[in-house]
$ cat my_file-v3.pdb   # PDB, C-alpha atoms
ATOM      1  CA  MET E   1     -66.771 -20.122  20.195
ATOM      2  CA  GLU E   2     -63.996 -22.688  19.783
ATOM      3  CA  LYS E   3     -62.553 -24.129  22.967
ATOM      4  CA  THR E   4     -58.801 -23.591  22.980
ATOM      5  CA  LEU E   5     -58.071 -26.832  24.827
ATOM      6  CA  GLU E   6     -60.239 -29.187  22.833
ATOM      7  CA  GLN E   7     -58.888 -31.832  20.460
ATOM      8  CA  HIS E   8     -60.567 -31.929  17.039
ATOM      9  CA  PRO E   9     -61.756 -35.369  15.882
ATOM     10  CA  SER E  10     -59.729 -37.256  13.311
ATOM     11  CA  ASN E  11     -59.537 -40.574  11.462
ATOM     12  CA  CYS E  12     -55.751 -40.558  11.239
ATOM     13  CA  LEU E  13     -53.444 -42.378  13.613
ATOM     14  CA  LYS E  14     -51.963 -39.961  16.115
ATOM     15  CA  ILE E  15     -48.532 -41.067  17.326
ATOM     16  CA  VAL E  16     -46.963 -39.150  20.226
ATOM     17  CA  LEU E  17     -43.215 -38.948  20.785
ATOM     18  CA  PHE E  18     -43.104 -38.842  24.573
ATOM     19  CA  GLY E  19     -40.270 -38.674  27.058
ATOM     20  CA  PRO E  20     -37.688 -36.613  28.928
ATOM     21  CA  GLU E  21     -35.727 -33.714  27.517
ATOM     22  CA  SER E  22     -32.991 -34.511  25.018
ATOM     23  CA  SER E  23     -34.206 -38.037  24.300
ATOM     24  CA  GLY E  24     -34.552 -37.753  20.514
ATOM     25  CA  LYS E  25     -38.250 -36.922  20.124
ATOM     26  CA  THR E  26     -37.915 -34.090  17.601
ATOM     27  CA  THR E  27     -35.404 -35.922  15.425
ATOM     28  CA  LEU E  28     -37.598 -39.004  15.285
ATOM     29  CA  ALA E  29     -40.819 -37.056  14.654
ATOM     30  CA  LYS E  30     -39.234 -35.366  11.633
ATOM     31  CA  GLN E  31     -37.774 -38.639  10.292
ATOM     32  CA  LEU E  32     -41.058 -40.530  10.628
ATOM     33  CA  ALA E  33     -43.110 -37.741   9.050
ATOM     34  CA  ALA E  34     -40.732 -37.667   6.066
ATOM     35  CA  TYR E  35     -40.792 -41.452   5.709
ATOM     36  CA  PHE E  36     -44.606 -41.689   5.850
ATOM     37  CA  LYS E  37     -45.038 -38.528   3.716
ATOM     38  CA  THR E  38     -47.156 -36.818   6.321
ATOM     39  CA  GLU E  39     -47.077 -34.050   8.908
ATOM     40  CA  TRP E  40     -45.602 -33.664  12.361
ATOM     41  CA  VAL E  41     -46.528 -31.289  15.171
ATOM     42  CA  PRO E  42     -43.636 -29.423  16.811
ATOM     43  CA  GLU E  43     -43.317 -28.952  20.557
ATOM     44  CA  TYR E  44     -44.990 -25.619  21.270
ATOM     45  CA  MET E  45     -43.506 -25.503  24.770
ATOM     46  CA  ARG E  46     -40.034 -25.210  23.234
ATOM     47  CA  ILE E  47     -41.133 -22.438  20.818
ATOM     48  CA  TYR E  48     -42.866 -20.483  23.591
ATOM     49  CA  LEU E  49     -40.098 -20.871  26.194
ATOM     50  CA  GLN E  50     -37.257 -20.150  23.747
ATOM     51  CA  LYS E  51     -38.958 -16.870  22.847
ATOM     52  CA  LYS E  52     -39.380 -16.049  26.543
ATOM     53  CA  TRP E  53     -35.719 -16.866  27.204
ATOM     54  CA  ASN E  54     -34.493 -14.829  24.234
ATOM     55  CA  GLU E  55     -36.543 -11.784  25.231
ATOM     56  CA  LYS E  56     -36.257 -11.867  29.054
ATOM     57  CA  GLN E  57     -33.823 -14.672  30.023
ATOM     58  CA  GLU E  58     -36.672 -16.170  32.052
ATOM     59  CA  LYS E  59     -37.593 -19.829  32.500
ATOM     60  CA  CYS E  60     -41.052 -21.418  32.630
ATOM     61  CA  GLU E  61     -43.444 -20.297  35.356
ATOM     62  CA  VAL E  62     -46.859 -21.611  36.384
ATOM     63  CA  ILE E  63     -48.566 -18.766  34.493
ATOM     64  CA  ASP E  64     -47.041 -20.094  31.257
ATOM     65  CA  LEU E  65     -48.667 -23.540  31.469
ATOM     66  CA  ILE E  66     -52.102 -22.696  30.042
ATOM     67  CA  PRO E  67     -50.745 -20.651  27.091
ATOM     68  CA  ILE E  68     -48.309 -23.487  26.343
ATOM     69  CA  ALA E  69     -51.084 -26.107  26.435
ATOM     70  CA  GLU E  70     -53.357 -23.940  24.265
ATOM     71  CA  GLY E  71     -50.566 -23.426  21.737
ATOM     72  CA  GLN E  72     -49.817 -27.162  21.621
ATOM     73  CA  MET E  73     -53.452 -28.086  20.993
ATOM     74  CA  LYS E  74     -53.797 -25.332  18.383
ATOM     75  CA  LEU E  75     -50.802 -26.714  16.452
ATOM     76  CA  GLU E  76     -52.180 -30.259  16.692
ATOM     77  CA  ASN E  77     -55.614 -29.183  15.449
ATOM     78  CA  GLU E  78     -54.076 -27.207  12.568
ATOM     79  CA  MET E  79     -51.915 -30.117  11.412
ATOM     80  CA  THR E  80     -54.473 -32.914  11.823
ATOM     81  CA  PRO E  81     -56.434 -32.263   8.586
ATOM     82  CA  LYS E  82     -53.157 -32.020   6.651
ATOM     83  CA  ALA E  83     -51.957 -35.450   7.785
ATOM     84  CA  ASN E  84     -51.769 -38.444   5.465
ATOM     85  CA  LYS E  85     -53.130 -41.414   7.507
ATOM     86  CA  VAL E  86     -50.790 -40.725  10.427
ATOM     87  CA  LEU E  87     -49.784 -37.613  12.396
ATOM     88  CA  PHE E  88     -46.656 -37.464  14.546
ATOM     89  CA  LEU E  89     -46.630 -35.257  17.619
ATOM     90  CA  ASP E  90     -43.377 -34.072  19.162
ATOM     91  CA  THR E  91     -45.148 -33.902  22.557
ATOM     92  CA  ASN E  92     -48.766 -33.474  23.620
ATOM     93  CA  ILE E  93     -50.855 -32.337  26.584
ATOM     94  CA  LEU E  94     -49.803 -35.313  28.722
ATOM     95  CA  GLU E  95     -46.169 -34.233  28.376
ATOM     96  CA  ILE E  96     -47.088 -30.722  29.560
ATOM     97  CA  LYS E  97     -49.000 -32.260  32.480
ATOM     98  CA  THR E  98     -46.023 -34.463  33.362
ATOM     99  CA  TYR E  99     -43.578 -31.561  33.375
ATOM    100  CA  SER E 100     -46.014 -29.388  35.329
ATOM    101  CA  GLU E 101     -46.375 -31.978  38.063
ATOM    102  CA  TYR E 102     -42.636 -32.670  38.133
ATOM    103  CA  TYR E 103     -41.506 -29.049  38.342
ATOM    104  CA  TYR E 104     -44.359 -27.664  40.471
ATOM    105  CA  ASN E 105     -44.681 -30.237  43.271
ATOM    106  CA  GLY E 106     -47.567 -32.212  41.781
ATOM    107  CA  PHE E 107     -49.525 -29.166  40.561
ATOM    108  CA  CYS E 108     -51.200 -29.131  37.171
ATOM    109  CA  PRO E 109     -53.951 -26.702  36.108
ATOM    110  CA  SER E 110     -57.379 -28.339  35.988
ATOM    111  CA  GLU E 111     -57.857 -27.231  32.351
ATOM    112  CA  ILE E 112     -54.801 -29.228  31.326
ATOM    113  CA  ASN E 113     -55.987 -32.272  33.282
ATOM    114  CA  THR E 114     -59.399 -32.064  31.596
ATOM    115  CA  CYS E 115     -57.872 -31.715  28.127
ATOM    116  CA  ASN E 116     -55.567 -34.654  28.789
ATOM    117  CA  ASN E 117     -58.482 -36.827  29.927
ATOM    118  CA  GLU E 118     -60.544 -35.973  26.830
ATOM    119  CA  SER E 119     -57.804 -36.289  24.180
ATOM    120  CA  VAL E 120     -57.192 -39.530  22.288
ATOM    121  CA  TYR E 121     -53.983 -40.842  20.725
ATOM    122  CA  SER E 122     -53.269 -44.109  18.920
ATOM    123  CA  LEU E 123     -49.839 -44.816  20.394
ATOM    124  CA  TYR E 124     -47.056 -43.298  22.448
ATOM    125  CA  PHE E 125     -43.392 -43.885  21.669
ATOM    126  CA  LEU E 126     -41.579 -43.476  24.976
ATOM    127  CA  THR E 127     -38.051 -42.365  24.073
ATOM    128  CA  GLY E 128     -35.242 -43.744  26.191
ATOM    129  CA  VAL E 129     -32.415 -41.739  27.708
ATOM    130  CA  ASP E 130     -29.671 -43.918  26.230
ATOM    131  CA  VAL E 131     -28.682 -41.107  23.847
ATOM    132  CA  PRO E 132     -26.286 -38.301  24.860
ATOM    133  CA  TRP E 133     -27.814 -35.322  26.651
ATOM    134  CA  GLU E 134     -27.374 -32.106  24.659
ATOM    135  CA  PHE E 135     -27.222 -28.707  26.324
ATOM    136  CA  ASP E 136     -29.398 -25.796  25.211
ATOM    137  CA  ASP E 137     -31.013 -22.723  26.793
ATOM    138  CA  LEU E 138     -34.033 -24.653  28.077
ATOM    139  CA  ARG E 139     -32.722 -28.018  29.240
ATOM    140  CA  ASP E 140     -31.760 -28.080  32.887
ATOM    141  CA  ARG E 141     -31.801 -31.563  34.410
ATOM    142  CA  PRO E 142     -29.098 -33.745  32.842
ATOM    143  CA  ASP E 143     -28.648 -35.716  36.073
ATOM    144  CA  GLU E 144     -32.333 -36.587  36.413
ATOM    145  CA  ARG E 145     -32.896 -38.310  33.070
ATOM    146  CA  GLU E 146     -33.484 -41.816  34.474
ATOM    147  CA  LYS E 147     -35.858 -40.446  37.100
ATOM    148  CA  MET E 148     -37.700 -38.445  34.437
ATOM    149  CA  PHE E 149     -37.956 -41.494  32.185
ATOM    150  CA  CYS E 150     -39.634 -43.410  35.031
ATOM    151  CA  THR E 151     -41.954 -40.451  35.677
ATOM    152  CA  PHE E 152     -43.017 -40.393  32.024
ATOM    153  CA  GLU E 153     -43.517 -44.161  31.908
ATOM    154  CA  ASN E 154     -45.591 -44.062  35.101
ATOM    155  CA  GLN E 155     -47.929 -41.531  33.480
ATOM    156  CA  LEU E 156     -48.519 -43.915  30.568
ATOM    157  CA  ILE E 157     -49.115 -46.811  32.949
ATOM    158  CA  ASN E 158     -51.424 -44.786  35.229
ATOM    159  CA  TYR E 159     -53.612 -43.812  32.259
ATOM    160  CA  SER E 160     -53.464 -47.324  30.715
ATOM    161  CA  LEU E 161     -52.160 -45.875  27.448
ATOM    162  CA  ARG E 162     -50.699 -47.958  24.657
ATOM    163  CA  TYR E 163     -46.977 -47.363  24.362
ATOM    164  CA  GLU E 164     -43.719 -48.769  23.044
ATOM    165  CA  VAL E 165     -40.290 -47.936  24.436
ATOM    166  CA  LEU E 166     -37.708 -46.902  21.841
ATOM    167  CA  MET E 167     -34.051 -47.377  22.763
ATOM    168  CA  GLY E 168     -30.776 -47.594  20.894
ATOM    169  CA  SER E 169     -29.284 -45.549  18.085
ATOM    170  CA  LYS E 170     -31.279 -43.184  15.874
ATOM    171  CA  VAL E 171     -31.379 -45.890  13.201
ATOM    172  CA  GLN E 172     -32.547 -48.584  15.634
ATOM    173  CA  ARG E 173     -35.309 -46.345  17.012
ATOM    174  CA  PHE E 174     -36.426 -45.323  13.536
ATOM    175  CA  ASP E 175     -36.505 -48.906  12.249
ATOM    176  CA  ALA E 176     -38.449 -50.144  15.288
ATOM    177  CA  ALA E 177     -40.956 -47.292  15.017
ATOM    178  CA  VAL E 178     -41.513 -47.802  11.275
ATOM    179  CA  LYS E 179     -42.201 -51.510  11.780
ATOM    180  CA  ILE E 180     -44.784 -50.813  14.499
ATOM    181  CA  ILE E 181     -46.524 -48.047  12.531
ATOM    182  CA  GLU E 182     -46.656 -50.063   9.306
ATOM    183  CA  GLU E 183     -48.345 -52.881  11.235
ATOM    184  CA  MET E 184     -50.836 -50.416  12.737
ATOM    185  CA  LEU E 185     -51.648 -48.982   9.302
ATOM    186  CA  LYS E 186     -52.054 -52.488   7.859
ATOM    187  CA  ASN E 187     -54.417 -53.449  10.685
ATOM    188  CA  LYS E 188     -56.405 -50.250  10.212
ATOM    189  CA  MET E 189     -56.753 -50.993   6.476
ATOM    190  CA  ASP E 190     -57.833 -54.573   7.213
ATOM    191  CA  VAL E 191     -60.542 -53.342   9.595
ATOM    192  CA  ASN E 192     -61.843 -50.869   7.003
ATOM    193  CA  LYS E 193     -62.176 -53.492   4.244
TER
END

$ encode --input "my_file-v3.pdb" --output "structure tokens"
Amino acid sequence: MEKTLEQHPSNCLKIVLFGPESSGKTTLAKQLAAYFKTEWVPEYMRIYLQKKWNEKQEKCEVIDLIPIAEGQMKLENEMTPKANKVLFLDTNILEIKTYSEYYYNGFCPSEINTCNNESVYSLYFLTGVDVPWEFDDLRDRPDEREKMFCTFENQLINYSLRYEVLMGSKVQRFDAAVKIIEEMLKNKMDVNK
């Protein structure tokens, strides 16, 4: 039986767009996937919680965390074999863990912690909050963006994960990300020669 919170192995680079709400992750994931002619993984948390809001006008609860994490990993595992050298993720398990701990006083289900500890990613792009906050049904903390950014960065530091901060306009972020990824792909090719 397949474990629902287990990352499938892959030879492609997995790049995570990581950061607070309304910081440009989805836009950048789509742009980078188009540029590199590959796939991107949407944020399952947004899909799941939008459906819940539309049907019941209810926000996220602790009981939603495991289904959200399972859905995120399922999407990642489905898209991984379709990727062309690099896969972009508009969030991952560490983002779910970060939000869980932030919203629920440090609590995160052990299954999510285990999945986070066992999953491997090539690079995180930490998206800055220097872009305008945009309202929607799910976003609720416009005044805590700087605090959230620090929370997200501390997670990357605590886990000793490789990351790059992306700031500036959409064009500046895109250009910086492309340069970094092209160098990573070149280095990967050089190693495989």

$ resolve_selection --input "my_file-v3.pdb" --expression "the PyMOL selection byres ((chain E and resi 22) around 7)" --output "number ranges by chain"
E: 20-21, 23-24, 133-134

$ resolve_selection --input "my_file-v3.pdb" --expression "the PyMOL selection byres ((chain E and resi 100) around 12)" --output "short mmCIF file (atom, residue, chain, number, x, y, z; two decimals) with C-alpha atoms, in the coordinates of the input"
data_model
loop_
_atom_site.label_atom_id
_atom_site.label_comp_id
_atom_site.auth_asym_id
_atom_site.auth_seq_id
_atom_site.Cartn_x
_atom_site.Cartn_y
_atom_site.Cartn_z
CA MET E 45 -43.51 -25.50 24.77
CA CYS E 60 -41.05 -21.42 32.63
CA GLU E 61 -43.44 -20.30 35.36
CA VAL E 62 -46.86 -21.61 36.38
CA ILE E 63 -48.57 -18.77 34.49
CA ASP E 64 -47.04 -20.09 31.26
CA LEU E 65 -48.67 -23.54 31.47
CA ILE E 66 -52.10 -22.70 30.04
CA ILE E 68 -48.31 -23.49 26.34
CA ALA E 69 -51.08 -26.11 26.44
CA ILE E 93 -50.86 -32.34 26.58
CA LEU E 94 -49.80 -35.31 28.72
CA GLU E 95 -46.17 -34.23 28.38
CA ILE E 96 -47.09 -30.72 29.56
CA LYS E 97 -49.00 -32.26 32.48
CA THR E 98 -46.02 -34.46 33.36
CA TYR E 99 -43.58 -31.56 33.38
CA GLU E 101 -46.38 -31.98 38.06
CA TYR E 102 -42.64 -32.67 38.13
CA TYR E 103 -41.51 -29.05 38.34
CA TYR E 104 -44.36 -27.66 40.47
CA ASN E 105 -44.68 -30.24 43.27
CA GLY E 106 -47.57 -32.21 41.78
CA PHE E 107 -49.52 -29.17 40.56
CA CYS E 108 -51.20 -29.13 37.17
CA PRO E 109 -53.95 -26.70 36.11
CA SER E 110 -57.38 -28.34 35.99
CA ILE E 112 -54.80 -29.23 31.33
CA ASN E 113 -55.99 -32.27 33.28
CA THR E 151 -41.95 -40.45 35.68
CA PHE E 152 -43.02 -40.39 32.02
#

$ resolve_selection --input "my_file-v3.pdb" --expression "the PyMOL selection byres ((chain E and resi 11) around 12)" --output "MDAnalysis selection string"
chainID E and resid 8:10 12:14 80:87 120:122 185 188:189 192

$ closest_residue --input "my_file-v3.pdb" --among "E:Phe174, E:Asn92, E:Gly19, E:Gln50" --to "Asn154 of chain E" --atoms "all atoms listed in the file"
E:Gly19

$ axis_aligned_box --input "my_file-v3.pdb" --around "segment 29-47 of chain E" --padding-each-side "6 Å" --output "JSON"
{"center_x": -42.5, "center_y": -32.1, "center_z": 14.2, "size_x": 21.4, "size_y": 31.3, "size_z": 33.1}

$ atom_distance --input "my_file-v3.pdb" --atom1 "atom CA of Glu164 of chain E" --atom2 "atom CA of Leu126 of chain E"
6.0 Å

$ closest_residue --input "my_file-v3.pdb" --among "E:Glu118, E:Glu183, E:Glu111, E:Asp90" --to "Ile47 of chain E" --atoms "all atoms listed in the file"
E:Asp90

$ residues_near_point --input "my_file-v3.pdb" --point "(-45.0, -33.6, 19.8)" --cutoff "10 Å" --atoms "only C-alpha atoms" --output "JSON, numbers by chain"
{"E": [15, 16, 17, 18, 25, 26, 29, 40, 41, 42, 43, 44, 45, 72, 75, 76, 87, 88, 89, 90, 91, 92, 93, 95]}

$ atom_distance --input "my_file-v3.pdb" --atom1 "atom CA of Thr4 of chain E" --atom2 "atom CA of Met79 of chain E"
15.0 Å

$ closest_residue --input "my_file-v3.pdb" --among "E:Leu28, E:Ala34, E:Cys115, E:Val129" --to "Leu5 of chain E" --atoms "all atoms listed in the file"
E:Cys115

$ atom_distance --input "my_file-v3.pdb" --atom1 "atom CA of Lys147 of chain E" --atom2 "atom CA of Gly168 of chain E"
18.4 Å

$ closest_residue --input "my_file-v3.pdb" --among "E:Thr114, E:Gln31, E:Asn77, E:Gln57" --to "Val178 of chain E" --atoms "all atoms listed in the file"
E:Gln31

$ residues_around --input "my_file-v3.pdb" --residues "Ala176 of chain E" --least-positions-apart "2" --cutoff "12 Å" --atoms "all atoms listed in the file" --output "list of chain:residue names"
E:Leu28, E:Leu32, E:Phe125, E:Thr127, E:Glu164, E:Val165, E:Leu166, E:Met167, E:Gly168, E:Ser169, E:Lys170, E:Val171, E:Gln172, E:Arg173, E:Phe174, E:Val178, E:Lys179, E:Ile180, E:Ile181, E:Glu182, E:Glu183

$ write_last_selection --input "my_file-v3.pdb" --atoms "C-alpha atoms" --output "compact mmCIF listing (two decimals), keeping the file's coordinate frame"
# COMPACT_ATOMS: atom_id res chain seq x y z
CA LEU E 28 -37.60 -39.00 15.28
CA LEU E 32 -41.06 -40.53 10.63
CA PHE E 125 -43.39 -43.88 21.67
CA THR E 127 -38.05 -42.36 24.07
CA GLU E 164 -43.72 -48.77 23.04
CA VAL E 165 -40.29 -47.94 24.44
CA LEU E 166 -37.71 -46.90 21.84
CA MET E 167 -34.05 -47.38 22.76
CA GLY E 168 -30.78 -47.59 20.89
CA SER E 169 -29.28 -45.55 18.08
CA LYS E 170 -31.28 -43.18 15.87
CA VAL E 171 -31.38 -45.89 13.20
CA GLN E 172 -32.55 -48.58 15.63
CA ARG E 173 -35.31 -46.34 17.01
CA PHE E 174 -36.43 -45.32 13.54
CA VAL E 178 -41.51 -47.80 11.28
CA LYS E 179 -42.20 -51.51 11.78
CA ILE E 180 -44.78 -50.81 14.50
CA ILE E 181 -46.52 -48.05 12.53
CA GLU E 182 -46.66 -50.06 9.31
CA GLU E 183 -48.34 -52.88 11.24

$ closest_residue --input "my_file-v3.pdb" --among "E:Lys59, E:Lys74, E:Lys37, E:Lys52" --to "Lys3 of chain E" --atoms "all atoms listed in the file"
E:Lys74
